[in-house]
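Structure, as structure tokens:
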Amino acid sequence: MKMSNGKKLAMGSAAAVILTVAGICPASAANWFELQNNEAPDAKALRVWGFLQPTYEANFADRVSGAANPAFNGQRPVFDLVAPDQESSSSFELKRARIGVRGLMPKTDGKINYFVLAEFAHNGITKHASAVELSDASATLNYIPGARIRFGQFKYPGPEEGFQAFPLVDPFIEFTTVTNQLIMGRSFNLPPGGTATAAGATKVQANGGVDAFRDVGVEVYDWRDWGPWEAAYGVMLGNGHTINQQDDNSNKQWSARLQGSYVFGGKGAYRQDVTTWIWYQTGKQTFGSVDYTRRREGIGATLNYQPFRISMAYLRGTGVIFNGVNPPFNIDTIVSSSTVALGSENKARGWYVAGEYMLPELLDIPQFKQVAIELRYDAYDRLPNDPAAERRFHTWTVGAQYSFTPTVKLRVNYLVQSLKVGNADLLPAPQRQNAQAITDAIGNMLGVQVLVWF
């Protein structure tokens with residue numbers, strides 16, 4: 001990725017209106033700048049809200065066999081185990097459990113609003129921190145036309161999956177691989193005695209949770225309508241660290257997003273539209289005494305028109321590329337380390353296309369109006385610049401969703417997963433044999449989830 005391309009994307013940075021599918025309501029999209037950052041003029045001073053996602057996940061992978069290293073044979077790679085602990089191939093879990101408050105500040109004529117949300121479930125936000133963590137805590141000032149200002153910890157203006165209210169409106173239980181591995185920020189530092197290198201993979205250790213597509217800082221944003229047309233933008237300056245963390249170096253992270261929409265009808269969370277978006281993010285992360293540039297960018301589009309929803313995106317990045325656990329096992333008899341490819345010459349890219357169809361009423365059974373079916377394909381090419389380390393991920397997700405009410409849903413997803421060594425012929429025989437035995441062990445996965453939104 002050339003620097004000039006990054007600058008061009010930065011000037012028009014971006015992201016999109018995303019959809020909300022509320023069961024018996026039509027497929028729809030929303031201006032998340034407005035709905036997540038602001039309150040309606042008649043909103044209350046205090047509104048309690050939240051959601052729960054009890055989930056069951058099972059991976060049907062075979063254990064590793066045929067590896068040159070006998071210690072690997074008979075083991076399950078971490079990508080076949082249920083996150084975040086990665087100790088079992090199947091588990092019941094509370095994937096998310098968040099409760100918060102939001103509203104208008106009294107005596108401000110509706111010019112100041114706030115948003116607070118806490119995570120109570122055991123997941124990437126809380127695993128390396130406390131049992132309960134703030135995911136969001138912000139205040140918004142609405143005094144300057146064209147430039148609303150938001151302070152605190154909140155979602156940075158980012159790509160589609162991260163910026164939308166994913167747990168509530170996206171029918172897929174898991175993020176795409178490119179979003180999970182490339183976009184989701186993770187907190188690492190060097191282990192005692194460790195050294196960082198720009199080329200190749202650097203061994204690191206976790207020192208915090210994920211960023212959950214959030215940052216601590218200040219954002220300037222707004223939107224404007226011209227009849228059915230709408231444009232929105234957001235630019236944020238943040239710490240570039242994981243949530244609930246102060247900056248750990250003197251560098252800040254810039255995130256920006258620009259989107260344009262044509263609204264067919266409706267409003268708020270249930271409107272129907274077509275949206276295109278572009279997004280850019282850049283910052284630096286410190287390992288040892290060296291700052292490494294982390295750059296991410298992407299473009300995408302979403303069409304929401306009853307009874308269809310189609311979304312697609314292309315994302316890419318350079319520097320600080322999460323390279324997984326090596327070797328990818330979570331057992332005491334094998335010494336493993338998380339690895340990151342730090343230098344700007346390291347690249348990754350991925351894309352996805354997803355569709356949803358709300359079933360019409362069939363056989364005079366009204367309940368069929370509450371059923372949706374989904375299909376998604378996503379691909380992720382990690383480290384194509386390093387032939388020996390390149391890995392290619394491909395996933396098909398088939399899903400169905402039943403809405404008992406607009407805020408209580410049952411979701412079922414089945415993932416068909418593939419992982420390939422990018423250039424196996426370039427590896428020495430034992431290394432090639434190990435790599436192919438491990439990647440061949442990736443399995444398909446079933447997910448069943450209940451969403452309760454209040």
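Letters for chains follow the order of the structure tokens (A, B, ...), residue numbers begin at 1 for each chain, and ligand numbers begin at 1 in the order shown.
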#### Entry: All residues 6 Å or closer to Gly234 of chain A, only C-alpha atoms, same chain fewer than 2 positions away omitted, as a list in words
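So the residues in contact are Pro157, Val220, Tyr221, Ala256 and Arg257 of chain A.
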- prompt: If you run DSSP on the backbone, which residues of segment 189-340 of chain A are strand (DSSP E or B), as an MDAnalysis selection string?
  reply: chainID A and resid 189 202:210 214:226 229:238 253:265 271:287 290:305 308:318 321:326 337:340
Near segment 229-233 of chain A, counting only C-alpha atoms, which residues have an atom at most 8 Å away, once you skip same-chain residues fewer than 6 positions from it, shown as a PDB file with C-alpha atoms, in the first residue's frame?
ATOM      1  CA  ALA A  14     -15.104   6.638   6.019  1.00  0.00           C
ATOM      2  CA  PHE A  33     -23.319   8.759  13.985  1.00  0.00           C
ATOM      3  CA  TYR A 221     -18.669  14.748  13.419  1.00  0.00           C
ATOM      4  CA  ASP A 222     -22.022  15.644  11.883  1.00  0.00           C
ATOM      5  CA  TRP A 223     -24.449  14.766   9.100  1.00  0.00           C
ATOM      6  CA  ALA A 256     -11.841   9.135  10.032  1.00  0.00           C
ATOM      7  CA  ARG A 257     -14.871   8.051   8.062  1.00  0.00           C
ATOM      8  CA  LEU A 258     -17.000   9.576   5.308  1.00  0.00           C
ATOM      9  CA  GLN A 259     -20.290   8.166   4.064  1.00  0.00           C
ATOM     10  CA  GLY A 260     -23.022   9.013   1.603  1.00  0.00           C
ATOM     11  CA  SER A 261     -26.557   7.599   1.564  1.00  0.00           C
ATOM     12  CA  TYR A 262     -29.717   7.640  -0.490  1.00  0.00           C
ATOM     13  CA  VAL A 263     -32.735   6.977   1.735  1.00  0.00           C
TER      14      VAL A 263
END
So that each row is one residue of segment 179-269 of chain A with an atom at most 10 Å from segment 120-130 of chain A, can you give its shortest atom pair and the distance in Å to one decimal, using only C-alpha atoms, rows by chain and rising number, as JSON lines?
{"residue": "A:Arg186", "atom": "CA", "partner": "A:Gly124", "partner_atom": "CA", "distance": 9.1}
{"residue": "A:Ser187", "atom": "CA", "partner": "A:His128", "partner_atom": "CA", "distance": 9.6}
{"residue": "A:Ala206", "atom": "CA", "partner": "A:His128", "partner_atom": "CA", "distance": 7.8}
{"residue": "A:Asn207", "atom": "CA", "partner": "A:His128", "partner_atom": "CA", "distance": 7.0}
{"residue": "A:Gly208", "atom": "CA", "partner": "A:His128", "partner_atom": "CA", "distance": 5.0}
{"residue": "A:Gly209", "atom": "CA", "partner": "A:Ile125", "partner_atom": "CA", "distance": 5.0}
{"residue": "A:Val210", "atom": "CA", "partner": "A:Ile125", "partner_atom": "CA", "distance": 5.6}
{"residue": "A:Asp211", "atom": "CA", "partner": "A:Ile125", "partner_atom": "CA", "distance": 7.3}
{"residue": "A:Ala212", "atom": "CA", "partner": "A:Ile125", "partner_atom": "CA", "distance": 7.0}
{"residue": "A:Thr242", "atom": "CA", "partner": "A:Ile125", "partner_atom": "CA", "distance": 8.9}
{"residue": "A:Ile243", "atom": "CA", "partner": "A:Ile125", "partner_atom": "CA", "distance": 7.9}
{"residue": "A:Asn244", "atom": "CA", "partner": "A:Ala129", "partner_atom": "CA", "distance": 9.4}
With N, CA and C atoms retained, could you export that selection as a PDB file, in the first residue's frame?
ATOM      1  N   ARG A 186      -5.503  -5.018  19.663  1.00  0.00           N
ATOM      2  CA  ARG A 186      -5.107  -5.838  20.803  1.00  0.00           C
ATOM      3  C   ARG A 186      -3.932  -5.179  21.512  1.00  0.00           C
ATOM      4  N   SER A 187      -3.824  -5.426  22.799  1.00  0.00           N
ATOM      5  CA  SER A 187      -2.780  -4.791  23.597  1.00  0.00           C
ATOM      6  C   SER A 187      -1.679  -5.800  23.907  1.00  0.00           C
ATOM      7  N   ALA A 206       0.236 -10.583  25.963  1.00  0.00           N
ATOM      8  CA  ALA A 206      -0.918  -9.708  26.170  1.00  0.00           C
ATOM      9  C   ALA A 206      -0.758  -8.929  27.465  1.00  0.00           C
ATOM     10  N   ASN A 207      -1.077  -7.640  27.429  1.00  0.00           N
ATOM     11  CA  ASN A 207      -1.051  -6.827  28.648  1.00  0.00           C
ATOM     12  C   ASN A 207      -2.343  -6.035  28.802  1.00  0.00           C
ATOM     13  N   GLY A 208      -3.406  -6.509  28.166  1.00  0.00           N
ATOM     14  CA  GLY A 208      -4.707  -5.857  28.260  1.00  0.00           C
ATOM     15  C   GLY A 208      -5.695  -6.529  27.332  1.00  0.00           C
ATOM     16  N   GLY A 209      -6.913  -6.029  27.328  1.00  0.00           N
ATOM     17  CA  GLY A 209      -7.939  -6.607  26.483  1.00  0.00           C
ATOM     18  C   GLY A 209      -7.897  -6.054  25.071  1.00  0.00           C
ATOM     19  N   VAL A 210      -8.971  -6.262  24.334  1.00  0.00           N
ATOM     20  CA  VAL A 210      -9.084  -5.731  22.981  1.00  0.00           C
ATOM     21  C   VAL A 210      -9.620  -4.301  23.026  1.00  0.00           C
ATOM     22  N   ASP A 211      -9.557  -3.616  21.894  1.00  0.00           N
ATOM     23  CA  ASP A 211     -10.104  -2.255  21.876  1.00  0.00           C
ATOM     24  C   ASP A 211     -11.596  -2.234  21.573  1.00  0.00           C
ATOM     25  N   ALA A 212     -12.157  -3.369  21.110  1.00  0.00           N
ATOM     26  CA  ALA A 212     -13.588  -3.463  20.806  1.00  0.00           C
ATOM     27  C   ALA A 212     -14.037  -2.336  19.876  1.00  0.00           C
ATOM     28  N   THR A 242      -5.922   0.159  23.847  1.00  0.00           N
ATOM     29  CA  THR A 242      -7.158  -0.550  24.134  1.00  0.00           C
ATOM     30  C   THR A 242      -7.990   0.247  25.131  1.00  0.00           C
ATOM     31  N   ILE A 243      -9.235  -0.190  25.348  1.00  0.00           N
ATOM     32  CA  ILE A 243     -10.154   0.616  26.143  1.00  0.00           C
ATOM     33  C   ILE A 243      -9.728   0.666  27.609  1.00  0.00           C
ATOM     34  N   ASN A 244     -10.139   1.742  28.270  1.00  0.00           N
ATOM     35  CA  ASN A 244      -9.829   1.993  29.675  1.00  0.00           C
ATOM     36  C   ASN A 244      -8.329   2.059  29.945  1.00  0.00           C
TER      37      ASN A 244
END
At what distance in Å, to one decimal, does atom CA of Glu160 of chain A lie from atom CA of Trp32 of chain A?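 Separating atom CA of Trp32 of chain A from atom CA of Glu160 of chain A is a distance of 10.1 Å.
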Please list as a VMD selection string every residue within 9 Å of Phe154 of chain A, counting only C-alpha atoms and excluding residues in the same chain fewer than 2 positions away.
chain A and resid 37 115 135 to 138 150 to 152 156 213 to 217 243
Dump of N, CA and C atoms for the selected residues, as a tab-separated table (two decimals), in the first residue's frame:
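Result saved to selection_8.tsv:
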chain	number	residue	atom	x	y	z
A	37	ASN	N	-24.41	8.47	18.92
A	37	ASN	CA	-23.76	9.63	19.50
A	37	ASN	C	-24.73	10.65	20.09
A	115	PHE	N	-23.55	9.05	27.25
A	115	PHE	CA	-23.72	7.63	26.90
A	115	PHE	C	-22.74	6.83	27.74
A	135	SER	N	-17.27	-0.13	28.62
A	135	SER	CA	-17.01	-0.16	27.18
A	135	SER	C	-17.19	1.22	26.57
A	136	ASP	N	-18.10	2.01	27.13
A	136	ASP	CA	-18.37	3.35	26.61
A	136	ASP	C	-18.62	4.31	27.76
A	137	ALA	N	-18.14	5.53	27.62
A	137	ALA	CA	-18.42	6.60	28.59
A	137	ALA	C	-18.08	7.91	27.90
A	138	SER	N	-19.11	8.63	27.46
A	138	SER	CA	-18.84	9.82	26.66
A	138	SER	C	-19.91	10.89	26.86
A	150	ARG	N	-17.61	15.15	20.53
A	150	ARG	CA	-17.82	14.07	21.49
A	150	ARG	C	-16.51	13.78	22.21
A	151	PHE	N	-16.56	13.68	23.55
A	151	PHE	CA	-15.39	13.40	24.37
A	151	PHE	C	-15.60	12.08	25.12
A	152	GLY	N	-14.49	11.38	25.39
A	152	GLY	CA	-14.58	10.21	26.25
A	152	GLY	C	-14.11	8.95	25.55
A	156	TYR	N	-14.70	4.48	17.66
A	156	TYR	CA	-14.10	5.40	16.70
A	156	TYR	C	-14.82	5.28	15.35
A	213	PHE	N	-13.14	-1.92	18.97
A	213	PHE	CA	-13.40	-0.85	18.00
A	213	PHE	C	-13.67	0.49	18.69
A	214	ARG	N	-13.03	0.70	19.83
A	214	ARG	CA	-13.21	1.92	20.61
A	214	ARG	C	-11.86	2.57	20.90
A	215	ASP	N	-11.92	3.84	21.26
A	215	ASP	CA	-10.73	4.58	21.64
A	215	ASP	C	-11.13	5.65	22.65
A	216	VAL	N	-10.15	6.19	23.34
A	216	VAL	CA	-10.38	7.30	24.27
A	216	VAL	C	-9.85	8.56	23.62
A	217	GLY	N	-10.71	9.56	23.46
A	217	GLY	CA	-10.27	10.79	22.82
A	217	GLY	C	-11.41	11.73	22.53
A	243	ILE	N	-9.23	-0.19	25.35
A	243	ILE	CA	-10.15	0.62	26.14
A	243	ILE	C	-9.73	0.67	27.61
For segment 332-342 of chain A: contacts at 10 Å, only C-alpha atoms, fewer than 6 positions along chain excluded, given as a PyMOL selection string
chain A and resi 71-72+188+191+196-206+285-287+291-294+318-326+383+386+389
Mind dumping the selected residues with C-alpha atoms as a compact mmCIF listing (two decimals), in the first residue's frame?
# COMPACT_ATOMS: atom_id res chain seq x y z
CA ALA A 71 4.07 -33.01 20.11
CA PHE A 72 1.59 -31.35 17.74
CA PHE A 188 0.68 -6.40 23.64
CA PRO A 191 8.04 -10.34 27.27
CA ALA A 196 11.35 -6.37 18.58
CA THR A 197 12.19 -6.65 14.89
CA ALA A 198 10.51 -4.88 11.99
CA ALA A 199 10.80 -7.89 9.70
CA GLY A 200 9.30 -11.26 10.53
CA ALA A 201 7.25 -12.08 13.60
CA THR A 202 8.00 -10.63 17.04
CA LYS A 203 6.99 -12.63 20.11
CA VAL A 204 4.77 -10.61 22.43
CA GLN A 205 2.56 -11.07 25.47
CA ALA A 206 -0.92 -9.71 26.17
CA GLN A 285 2.49 1.52 18.72
CA THR A 286 5.66 1.16 20.76
CA PHE A 287 7.59 -2.08 21.22
CA ASP A 291 7.50 3.22 17.41
CA TYR A 292 5.87 1.20 14.63
CA THR A 293 3.22 2.70 12.35
CA ARG A 294 -0.13 0.89 12.27
CA THR A 318 0.15 -2.26 7.00
CA GLY A 319 2.28 -2.57 10.11
CA VAL A 320 1.55 -4.21 13.48
CA ILE A 321 -0.21 -7.19 11.87
CA PHE A 322 -1.45 -9.71 14.44
CA ASN A 323 0.05 -13.04 13.36
CA GLY A 324 -1.67 -15.40 15.78
CA VAL A 325 -0.15 -17.76 18.32
CA ASN A 326 2.94 -19.72 17.28
CA LEU A 383 1.18 -11.30 5.27
CA ASP A 386 6.18 -12.73 3.51
CA ALA A 389 4.38 -16.68 6.77
Taking only C-alpha atoms into account, name the residue in A:Ser91, A:Pro428, A:Arg376, A:Tyr352 that is nearest to Ala58 of chain A.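 With only C-alpha atoms as the atom set, the closest residue is A:Ser91.
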